[in-house]
Every structure is written in structure tokens, then in C-alpha cells.
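coords_34.cif (mmCIF, C-alpha atoms) appears below.
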```cif
data_target
loop_
_atom_site.label_atom_id
_atom_site.label_comp_id
_atom_site.auth_asym_id
_atom_site.auth_seq_id
_atom_site.Cartn_x
_atom_site.Cartn_y
_atom_site.Cartn_z
CA MET A 1 4.05 -11.33 22.60
CA SER A 2 3.11 -7.78 21.71
CA GLY A 3 2.39 -7.09 18.08
CA LEU A 4 0.25 -5.38 15.48
CA LEU A 5 -1.92 -6.32 12.54
CA GLY A 6 -0.92 -5.40 9.02
CA LYS A 7 -1.52 -6.05 5.36
CA LYS A 8 1.05 -7.54 2.99
CA LEU A 9 1.51 -5.18 0.05
CA GLY A 10 4.11 -6.98 -2.04
CA MET A 11 7.83 -7.35 -2.51
CA SER A 12 10.54 -5.05 -3.79
CA SER A 13 14.17 -4.34 -3.05
CA VAL A 14 16.21 -1.62 -1.38
CA TYR A 15 19.91 -0.95 -0.98
CA ASN A 16 21.55 -1.22 2.44
CA GLU A 17 24.38 0.95 3.81
CA ALA A 18 26.98 -1.28 2.17
CA GLY A 19 25.33 -0.64 -1.20
CA ASN A 20 24.06 -4.20 -1.60
CA ARG A 21 20.59 -4.95 -2.87
CA VAL A 22 18.32 -6.49 -0.24
CA PRO A 23 14.91 -8.13 -0.93
CA VAL A 24 12.11 -6.61 1.15
CA THR A 25 8.41 -7.11 1.73
CA ALA A 26 6.29 -3.99 2.18
CA ILE A 27 3.67 -4.28 4.91
CA GLU A 28 1.00 -1.73 5.72
CA VAL A 29 1.07 -1.65 9.53
CA GLY A 30 -2.09 -0.51 11.08
CA PRO A 31 -2.91 2.02 12.19
CA CYS A 32 -4.32 -0.36 14.78
CA ARG A 33 -6.97 0.88 17.20
CA VAL A 34 -7.02 -0.31 20.78
CA ILE A 35 -10.45 -1.93 21.20
CA ARG A 36 -10.09 -3.36 24.67
CA VAL A 37 -7.45 -3.39 27.40
CA LYS A 38 -7.10 -6.48 29.57
CA SER A 39 -5.26 -6.17 32.86
CA VAL A 40 -3.82 -8.58 35.39
CA GLU A 41 -6.20 -7.34 38.09
CA LYS A 42 -9.38 -7.87 36.11
CA ASP A 43 -8.55 -10.62 33.61
CA GLY A 44 -5.56 -12.42 35.12
CA TYR A 45 -3.21 -11.39 32.30
CA SER A 46 -2.41 -8.24 30.37
CA SER A 47 -3.20 -7.81 26.70
CA LEU A 48 -4.63 -5.48 24.12
CA GLN A 49 -7.36 -6.22 21.63
CA LEU A 50 -6.51 -4.41 18.42
CA GLY A 51 -8.65 -3.61 15.41
CA PHE A 52 -7.43 -3.10 11.85
CA GLY A 53 -9.23 -2.07 8.66
CA VAL A 54 -12.24 0.23 9.01
CA VAL A 55 -15.45 -1.14 7.48
CA LYS A 56 -19.09 -0.14 6.98
CA GLU A 57 -21.79 -0.85 9.54
CA LYS A 58 -23.40 -3.76 7.65
CA LYS A 59 -20.10 -5.68 7.67
CA VAL A 60 -19.99 -5.92 11.47
CA ARG A 61 -21.86 -8.39 13.70
CA LYS A 62 -24.47 -6.81 15.93
CA PRO A 63 -22.89 -7.66 19.31
CA GLU A 64 -19.60 -6.14 18.09
CA LEU A 65 -21.45 -3.14 16.72
CA GLY A 66 -22.94 -2.48 20.14
CA TYR A 67 -19.50 -2.56 21.74
CA TYR A 68 -18.08 -0.15 19.15
CA LYS A 69 -21.01 2.25 19.59
CA LYS A 70 -20.68 2.16 23.38
CA HIS A 71 -17.02 3.18 23.22
CA ASN A 72 -17.52 5.56 20.29
CA LEU A 73 -15.08 3.68 18.03
CA ASP A 74 -14.83 3.14 14.27
CA LEU A 75 -15.89 -0.30 13.03
CA TYR A 76 -13.09 -2.77 12.29
CA ALA A 77 -12.92 -5.81 10.03
CA HIS A 78 -10.06 -7.56 11.79
CA LEU A 79 -9.72 -8.01 15.53
CA LYS A 80 -6.84 -9.70 17.28
CA GLU A 81 -5.70 -9.90 20.89
CA PHE A 82 -1.98 -9.55 21.61
CA ARG A 83 -0.24 -10.13 24.93
CA PHE A 84 1.40 -6.92 26.12
CA PRO A 85 3.66 -6.31 29.11
CA THR A 86 1.86 -5.56 32.37
CA ASP A 87 2.79 -1.87 32.32
CA ILE A 88 0.38 -0.97 29.52
CA THR A 89 -0.12 2.74 29.03
CA TYR A 90 -2.52 2.44 26.09
CA LYS A 91 -6.20 3.24 26.55
CA VAL A 92 -9.26 2.20 24.55
CA GLY A 93 -9.40 4.29 21.38
CA ASP A 94 -5.65 4.85 21.15
CA GLU A 95 -3.98 4.39 17.79
CA ILE A 96 -0.81 2.30 17.41
CA LYS A 97 1.18 3.07 14.29
CA ALA A 98 4.19 1.82 12.37
CA ASP A 99 6.59 3.65 14.71
CA PHE A 100 5.74 0.94 17.27
CA PHE A 101 8.70 -0.80 15.61
CA THR A 102 12.21 0.56 15.17
CA GLU A 103 14.50 0.29 12.17
CA GLY A 104 16.94 -2.58 12.51
CA GLU A 105 14.73 -4.51 14.92
CA LEU A 106 14.17 -8.26 14.45
CA ILE A 107 10.50 -9.23 14.38
CA LYS A 108 8.29 -12.25 13.71
CA VAL A 109 5.66 -12.21 11.00
CA ARG A 110 2.74 -14.62 11.06
CA GLY A 111 0.35 -15.11 8.14
CA THR A 112 -1.73 -17.68 6.33
CA SER A 113 0.27 -19.37 3.60
CA LYS A 114 -1.02 -19.53 0.04
CA GLY A 115 -3.31 -22.51 -0.56
CA LYS A 116 -1.72 -25.14 -2.80
CA GLY A 117 -4.70 -27.53 -3.17
CA PHE A 118 -4.40 -31.31 -3.02
CA GLN A 119 -0.71 -32.16 -3.29
CA GLY A 120 1.23 -35.42 -3.34
CA VAL A 121 3.75 -36.47 -0.71
CA MET A 122 6.76 -35.13 -2.62
CA ARG A 123 5.43 -31.59 -2.63
CA ARG A 124 3.66 -31.81 0.72
CA HIS A 125 6.23 -33.59 2.87
CA GLY A 126 9.41 -33.57 0.79
CA PHE A 127 9.45 -37.31 0.11
CA GLY A 128 11.93 -38.54 -2.48
CA GLY A 129 9.68 -40.77 -4.62
CA VAL A 130 10.34 -44.43 -5.26
CA GLY A 131 13.33 -45.81 -7.15
CA GLY A 132 14.66 -44.89 -10.56
CA THR A 133 13.15 -44.51 -13.98
CA THR A 134 14.74 -47.58 -15.59
CA HIS A 135 14.68 -51.40 -15.10
CA GLY A 136 11.03 -51.64 -16.09
CA GLN A 137 9.74 -49.23 -13.45
CA SER A 138 6.92 -47.25 -14.93
CA ASP A 139 4.54 -45.53 -12.50
CA ARG A 140 6.09 -45.24 -9.00
CA LEU A 141 8.21 -42.12 -9.50
CA ARG A 142 6.24 -39.85 -7.15
CA ALA A 143 4.73 -42.56 -4.94
CA PRO A 144 5.01 -42.47 -1.12
CA GLY A 145 6.42 -46.03 -0.80
CA SER A 146 5.42 -48.26 2.09
CA ILE A 147 2.98 -46.79 4.60
CA GLY A 148 3.59 -49.44 7.28
CA ALA A 149 4.30 -53.09 8.13
CA SER A 150 1.94 -56.06 7.51
CA SER A 151 0.24 -58.41 10.04
CA TYR A 152 1.57 -56.39 12.93
CA PRO A 153 0.13 -53.74 13.30
CA SER A 154 -2.44 -54.57 10.59
CA ARG A 155 -3.28 -50.89 10.35
CA VAL A 156 -1.74 -47.60 9.35
CA PHE A 157 -0.46 -45.53 12.24
CA LYS A 158 -2.08 -42.18 12.93
CA GLY A 159 -0.07 -39.26 11.67
CA GLN A 160 1.33 -41.21 8.68
CA LYS A 161 2.34 -38.57 6.15
CA MET A 162 0.18 -38.81 3.08
CA ALA A 163 -1.08 -36.65 0.23
CA GLY A 164 -3.70 -34.00 0.90
CA ARG A 165 -4.60 -30.35 1.16
CA THR A 166 -1.47 -28.23 1.35
CA GLY A 167 -0.93 -24.61 2.30
CA GLY A 168 -3.53 -22.25 3.72
CA GLU A 169 -2.19 -22.80 7.23
CA SER A 170 -0.71 -20.39 9.76
CA VAL A 171 3.02 -19.90 9.24
CA THR A 172 5.35 -17.83 11.42
CA VAL A 173 8.69 -16.54 10.16
CA SER A 174 11.13 -15.42 12.85
CA ASN A 175 14.00 -12.95 12.85
CA LEU A 176 12.99 -10.73 9.96
CA ARG A 177 14.85 -7.42 10.09
CA VAL A 178 12.91 -4.18 9.82
CA MET A 179 14.82 -2.38 7.06
CA LYS A 180 12.88 0.85 6.78
CA ILE A 181 9.84 2.58 8.26
CA PHE A 182 7.68 5.21 6.59
CA PRO A 183 5.81 6.64 9.59
CA ASP A 184 3.65 9.01 7.51
CA LYS A 185 2.43 6.21 5.23
CA ASN A 186 2.33 3.57 8.02
CA ILE A 187 4.44 1.20 5.95
CA ILE A 188 7.41 -0.87 7.01
CA LEU A 189 9.84 -2.82 4.88
CA VAL A 190 10.88 -6.18 6.26
CA LYS A 191 13.86 -8.08 4.89
CA GLY A 192 12.94 -11.28 3.05
CA ALA A 193 9.65 -12.98 2.30
CA VAL A 194 6.49 -13.11 4.41
CA PRO A 195 3.86 -15.90 4.35
CA GLY A 196 0.65 -15.39 2.41
CA ALA A 197 -0.66 -13.70 -0.68
CA VAL A 198 -0.53 -9.98 -1.44
CA ASN A 199 -3.33 -8.09 0.40
CA SER A 200 -3.58 -10.81 3.07
CA ILE A 201 -3.62 -9.93 6.77
CA VAL A 202 -0.43 -10.63 8.71
CA GLN A 203 0.52 -10.34 12.36
CA LEU A 204 3.75 -8.54 13.20
CA LEU A 205 5.13 -9.68 16.51
CA LYS A 206 7.84 -8.15 18.65
CA LYS A 207 10.40 -10.61 19.89
CA ARG A 208 9.75 -11.81 23.41
CA VAL A 209 11.78 -9.77 25.86
CA GLY A 210 14.05 -11.80 28.14
CA MET B 211 -2.64 3.68 -1.70
CA PHE B 212 1.01 3.01 -1.52
CA SER B 213 2.66 1.91 -4.72
CA LEU B 214 5.72 -0.29 -4.70
CA ASN B 215 7.03 1.76 -7.60
CA GLU B 216 7.61 4.64 -5.23
CA LEU B 217 10.40 2.63 -3.68
CA ALA B 218 12.13 2.35 -7.01
CA THR B 219 12.28 6.08 -7.53
CA GLU B 220 13.37 6.61 -3.95
CA GLY B 221 16.87 5.26 -4.63
CA GLN B 222 18.42 8.38 -6.12
CA ARG B 223 18.36 7.66 -9.81
CA ASN B 224 21.52 9.31 -10.96
CA GLN B 225 21.41 11.12 -14.23
CA PHE B 226 23.34 8.64 -16.34
CA PRO B 227 23.92 9.11 -20.06
CA ASN B 228 21.40 7.20 -22.14
CA PHE B 229 23.45 4.22 -23.34
CA LYS B 230 22.36 1.18 -25.34
CA PRO B 231 23.70 -2.34 -25.92
CA GLY B 232 26.80 -2.12 -28.10
CA ASP B 233 27.98 1.15 -26.56
CA HIS B 234 31.40 1.44 -24.96
CA ILE B 235 31.11 2.93 -21.48
CA LYS B 236 33.15 3.59 -18.37
CA VAL B 237 31.49 2.88 -15.04
CA PHE B 238 32.95 4.43 -11.88
CA VAL B 239 32.38 2.12 -8.93
CA LYS B 240 32.82 3.08 -5.30
CA ILE B 241 34.80 0.49 -3.37
CA ILE B 242 35.64 0.47 0.31
CA GLU B 243 39.05 -0.80 1.37
CA GLY B 244 39.25 -0.97 5.15
CA ASP B 245 38.12 2.49 6.13
CA LYS B 246 39.19 4.17 2.89
CA GLU B 247 36.86 4.77 0.00
CA ARG B 248 37.94 5.10 -3.61
CA GLU B 249 36.60 4.96 -7.12
CA GLN B 250 37.46 2.24 -9.58
CA PRO B 251 36.57 2.54 -13.25
CA PHE B 252 35.28 -0.45 -15.21
CA GLU B 253 35.47 0.14 -18.96
CA GLY B 254 33.86 -2.11 -21.56
CA ASP B 255 30.98 -2.80 -23.94
CA VAL B 256 27.38 -2.94 -22.81
CA ILE B 257 26.13 -6.36 -23.91
CA SER B 258 22.74 -6.44 -22.23
CA ILE B 259 20.15 -4.30 -20.47
CA ARG B 260 17.47 -6.26 -18.65
CA GLY B 261 14.74 -5.93 -16.05
CA SER B 262 12.33 -3.13 -15.25
CA ARG B 263 11.90 -0.49 -12.59
CA GLU B 264 14.01 -1.10 -9.48
CA SER B 265 15.45 -4.39 -10.74
CA ARG B 266 16.80 -2.94 -14.01
CA SER B 267 20.43 -3.82 -14.64
CA PHE B 268 23.07 -3.78 -17.37
CA THR B 269 26.03 -6.01 -18.18
CA VAL B 270 29.43 -4.65 -19.20
CA ARG B 271 32.00 -6.91 -20.90
CA LYS B 272 35.67 -6.24 -21.36
CA ILE B 273 38.76 -8.25 -22.25
CA SER B 274 41.25 -7.99 -19.43
CA SER B 275 44.70 -9.37 -20.28
CA GLY B 276 43.20 -11.94 -22.64
CA VAL B 277 40.42 -13.02 -20.32
CA GLY B 278 36.82 -11.94 -20.82
CA VAL B 279 35.38 -10.21 -17.75
CA GLU B 280 31.71 -9.29 -17.29
CA ARG B 281 30.14 -7.23 -14.54
CA ILE B 282 26.44 -6.76 -13.91
CA PHE B 283 25.35 -3.42 -12.42
CA PRO B 284 21.88 -2.51 -11.14
CA PHE B 285 20.90 0.92 -12.48
CA ASN B 286 19.92 2.09 -9.00
CA SER B 287 23.08 0.88 -7.27
CA PRO B 288 24.47 3.51 -4.89
CA LYS B 289 27.92 2.10 -5.63
CA ILE B 290 27.91 3.64 -9.11
CA THR B 291 29.09 7.25 -8.92
CA LYS B 292 29.37 8.10 -12.59
CA ILE B 293 28.99 6.59 -16.06
CA GLU B 294 30.78 7.96 -19.13
CA LEU B 295 29.56 7.13 -22.60
CA LEU B 296 32.76 6.79 -24.67
CA LYS B 297 31.62 5.33 -27.98
CA GLU B 298 28.29 4.47 -29.55
CA GLY B 299 28.25 1.08 -31.24
CA SER B 300 26.30 -0.15 -34.21
CA VAL B 301 24.65 -3.49 -33.42
CA ARG B 302 21.51 -5.32 -34.59
CA ARG B 303 20.64 -7.18 -31.41
CA ALA B 304 19.49 -6.22 -27.91
CA LYS B 305 21.59 -8.91 -26.24
CA LEU B 306 25.16 -9.32 -27.49
CA TYR B 307 25.89 -12.67 -25.87
CA TYR B 308 27.37 -13.92 -29.17
CA LEU B 309 30.45 -11.82 -28.41
CA ARG B 310 31.41 -14.41 -25.79
CA ASN B 311 32.13 -16.94 -28.53
CA LEU B 312 34.20 -14.52 -30.60
CA SER B 313 37.73 -13.27 -30.02
CA GLY B 314 40.15 -10.78 -31.45
CA LYS B 315 38.97 -8.59 -34.28
CA ALA B 316 35.70 -10.52 -34.72
CA ALA B 317 34.63 -9.47 -31.22
CA LYS B 318 35.00 -5.79 -32.05
CA ILE B 319 31.83 -3.70 -32.22
CA LYS B 320 31.62 -1.24 -35.12
CA SER B 321 31.12 2.38 -34.14
CA LYS B 322 27.97 4.08 -35.19
CA VAL B 323 28.41 6.16 -38.32
CA LYS B 324 26.89 9.55 -37.65
#
```

Using C-alpha cells, write down the structure that the file contains.
Amino acid sequence: MSGLLGKKLGMSSVYNEAGNRVPVTAIEVGPCRVIRVKSVEKDGYSSLQLGFGVVKEKKVRKPELGYYKKHNLDLYAHLKEFRFPTDITYKVGDEIKADFFTEGELIKVRGTSKGKGFQGVMRRHGFGGVGGTTHGQSDRLRAPGSIGASSYPSRVFKGQKMAGRTGGESVTVSNLRVMKIFPDKNIILVKGAVPGAVNSIVQLLKKRVG
Amino acid sequence: MFSLNELATEGQRNQFPNFKPGDHIKVFVKIIEGDKEREQPFEGDVISIRGSRESRSFTVRKISSGVGVERIFPFNSPKITKIELLKEGSVRRAKLYYLRNLSGKAAKIKSKVK
């Protein structure tokens, strides 16, 4: 799936053609630099490695630094490989900008959700809690209930939903409409919310063709 | 750096008269019927102004054939073509929700004495 890297800037709202207010998330899209081109002939599949966010020399690992120097590229903080169709026309060093997308297009956005810490089963898995508040019940309101049967199987099955660390995982949201593009500022507005905190790195993915 | 506030100013902020809660105003709203477009006025008292920047909105209340009707308009809405300030009211509160519990003469807002 071809895509770009971007940075979530925050939410706002715009008015659509019908005059209705629409919630949008502003995302700084690139500009992404093509770091490496993979082709079917050489690598067995076609993709582009893209870099986003220029950084200073001391922030980059030495093997990466050598590669950047060899190809005379800026140094990038974030690298990500995206599958691209086999007829790639991009070359190493090319810049891909916000106009990679078109207004009205439906895209996917993938990001790392905000960390929520250690959460109980109601928050983490949407459990309903146990029973009511009356008839002498005192401390089971947010409990998970039974976690399995007794002598058979004499253990708790793997994958049993329990409390634990929540959030901070990769989340993809599909079918977000591109409402507006500012090509000069490299910013696009996407309808609705996008996973992650403000200033976090997100992947913007084109929908798979066919 | 891009500021989200730039988006707010991008929606053409029409030059509306500077009205306050308690004022009597007439809002001209664009409505689309089929493929025809026309303007419909909504006349009443401003009972609240809330929000900031692009989410700023105001509430207009009127009594329409005995029934109280309220409409909330965003300041930046492209549907609003014009606002006329008809009468300035004299009130002591920023939110006039107490008017909902009053009727008849008690619900009348005194005009500002110049």
C-alpha cells in the first residue's frame, strides 16, 4: 500500500460545500524524501523507503549516516518502507509532497494510540462489570467475573481478557476523507479523528487499488 | 510552523455588527430548496455567545406562535449572509437562559437607555 509519513498537528473544523461544519485533523505530510527504491527485478517486490523529518548528524546511527553521505541526502529521523506499484517513476532523492493525495480521496491513517497505563477490564475490553449495586454487593462493580471453569481445565486459557497496559499500540483508521490540501504548506486536512497524540508520527496510506 | 488558528480566519469572517447577549437581531440564513437558493430571516434575542475562535457560536431565541424557538449559529457559518442589529438590550448576565422559564411580559428584555 503506497503511502507517506506525516505528523499530526491537531484538530479543528472546516465548512463543507453544503455549509455544514465538519471536524478535521490537520496533518503535516512530508515532504518525504525517497531514500531507497526497491524493484521487482532486484528485490522481488517494489517499494520505496521514505524519510521524514530532517535531523542533525549526531542523531543518526553511523551505518545510516554512511548511506546518506553516499547518496548525498539530508539526514532523516523517521524511515519507513511503503509498497508502491511496480511502475515506480521515483528516484532516490526525489521529494514526495502533500499533492500525492487528492482532495476528496479516502485514505487510511495509521498511528500509535495514546498510552492509557494499566487499565481494568471495563476500560480495556468493554466488560460490563458484575451485578448491581444493591442486595449487599459491595466491591464487585468493575470486576471481570469468572475467568474460567474449575477442575476441567484447571487452568486459565491463553488469551483470557484481563486488566493490563492499554493504548500505545498501532491503530489504523480506514476511509478518512481528505477534505483540503495546502500544497505550499504541505498540510492536509482529514475528516474525523486520527490515532495518537499531537506531534506524533502517522502513516498516511492510499487505499489499495483493485 | 503552521497554526491551527489560520484555519479559523480562513473561513471568510463576515463583517457582522458587534452584538451582545440581550440584543435583538435578525439573522439572514441561506437555505437550499431543491436547486433554488433563498434567504430566510430568523429574528429574535441573543441569549448566549459561547466558544472561541473557529468554534464560536451564538444562540437566538424567539417566540413563534406561542412556542419558544432557539437556533444556534456558528459565527463562521457560510450559511449566514447578513446580520442586522435591531435593538440593544439591557441585561446583567452573559447567558440569558432564565428567559426560558419566563413568558409574556416577564420575558421581555428592556432596551438600553442611551

Practice item. Write out as a PyMOL selection string which residues come within 12 Å of segment 236-239 of chain B when counting all atoms listed in the file, dropping same-chain ones fewer than 4 positions away. Key: (chain A and resi 19) or (chain B and resi 226-227+229+247-256+268-272+281-285+287-297)

The PyMOL selection byres ((chain A) within 10 of (chain B)) applied to the shown file, residues as a PyMOL selection string: chain A and resi 9-21+25-26+28+185-187

With the file shown as input, list the residues that the PyMOL selection byres ((chain A and resi 46) around 9) selects, as a ChimeraX atom specification.
/A:37-41,43-45,47-48,82-88

Leu106 of chain A: which residues within 6 Å, counting all atoms listed in the file, same-chain residues fewer than 3 positions away excluded, as a ChimeraX atom specification?
-> /A:175-177

Atom CA of Lys161 of chain A sits from atom CA of Val194 of chain A at a separation of 25.9 Å

Identify all residues satisfying the PyMOL selection byres ((chain B and resi 231) around 6) in the given file; provide them as a list in words.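 In the shown coordinates, the PyMOL selection byres ((chain B and resi 231) around 6) covers Lys230, Gly232, Asp233, Val256, Ile257 and Ser258 of chain B.
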
Students should find that atom CA of Thr133 of chain A and atom CA of Gly164 of chain A are spaced 24.8 Å

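Distances here use all atoms listed in the file; by that measure, the residue among B:Asp245, B:His234, B:Leu309, B:Val323 closest to Gly278 of chain B is B:Leu309.
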
query: Of the residues A:Met162, A:Val29, A:Val92, A:Ile35, which is the one nearest to Phe182 of chain A, using all atoms listed in the file?
result: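 Closest to Phe182 of chain A, using all atoms listed in the file: A:Val29.
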
Which residue of A:Leu4, A:Val190, A:Val130, A:Ala149 approaches His78 of chain A most closely, using only C-alpha atoms =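 Among the listed residues, the smallest separation from His78 of chain A belongs to A:Leu4.
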
Expressed in Å, the length from atom CA of Lys114 of chain A to atom CA of Glu169 of chain A is 8.0 Å

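Here the question is which of A:Ile27, A:Ala163, A:Ala77, A:Ala143 gets nearest to Gln119 of chain A using all atoms listed in the file, and that residue is A:Ala163.
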
Q. Counting all atoms listed in the file, what is within 7 Å of Gly196 of chain A, bar same-chain residues fewer than 2 positions away, as a VMD selection string?
A. chain A and resid 111 to 114 194 198 200
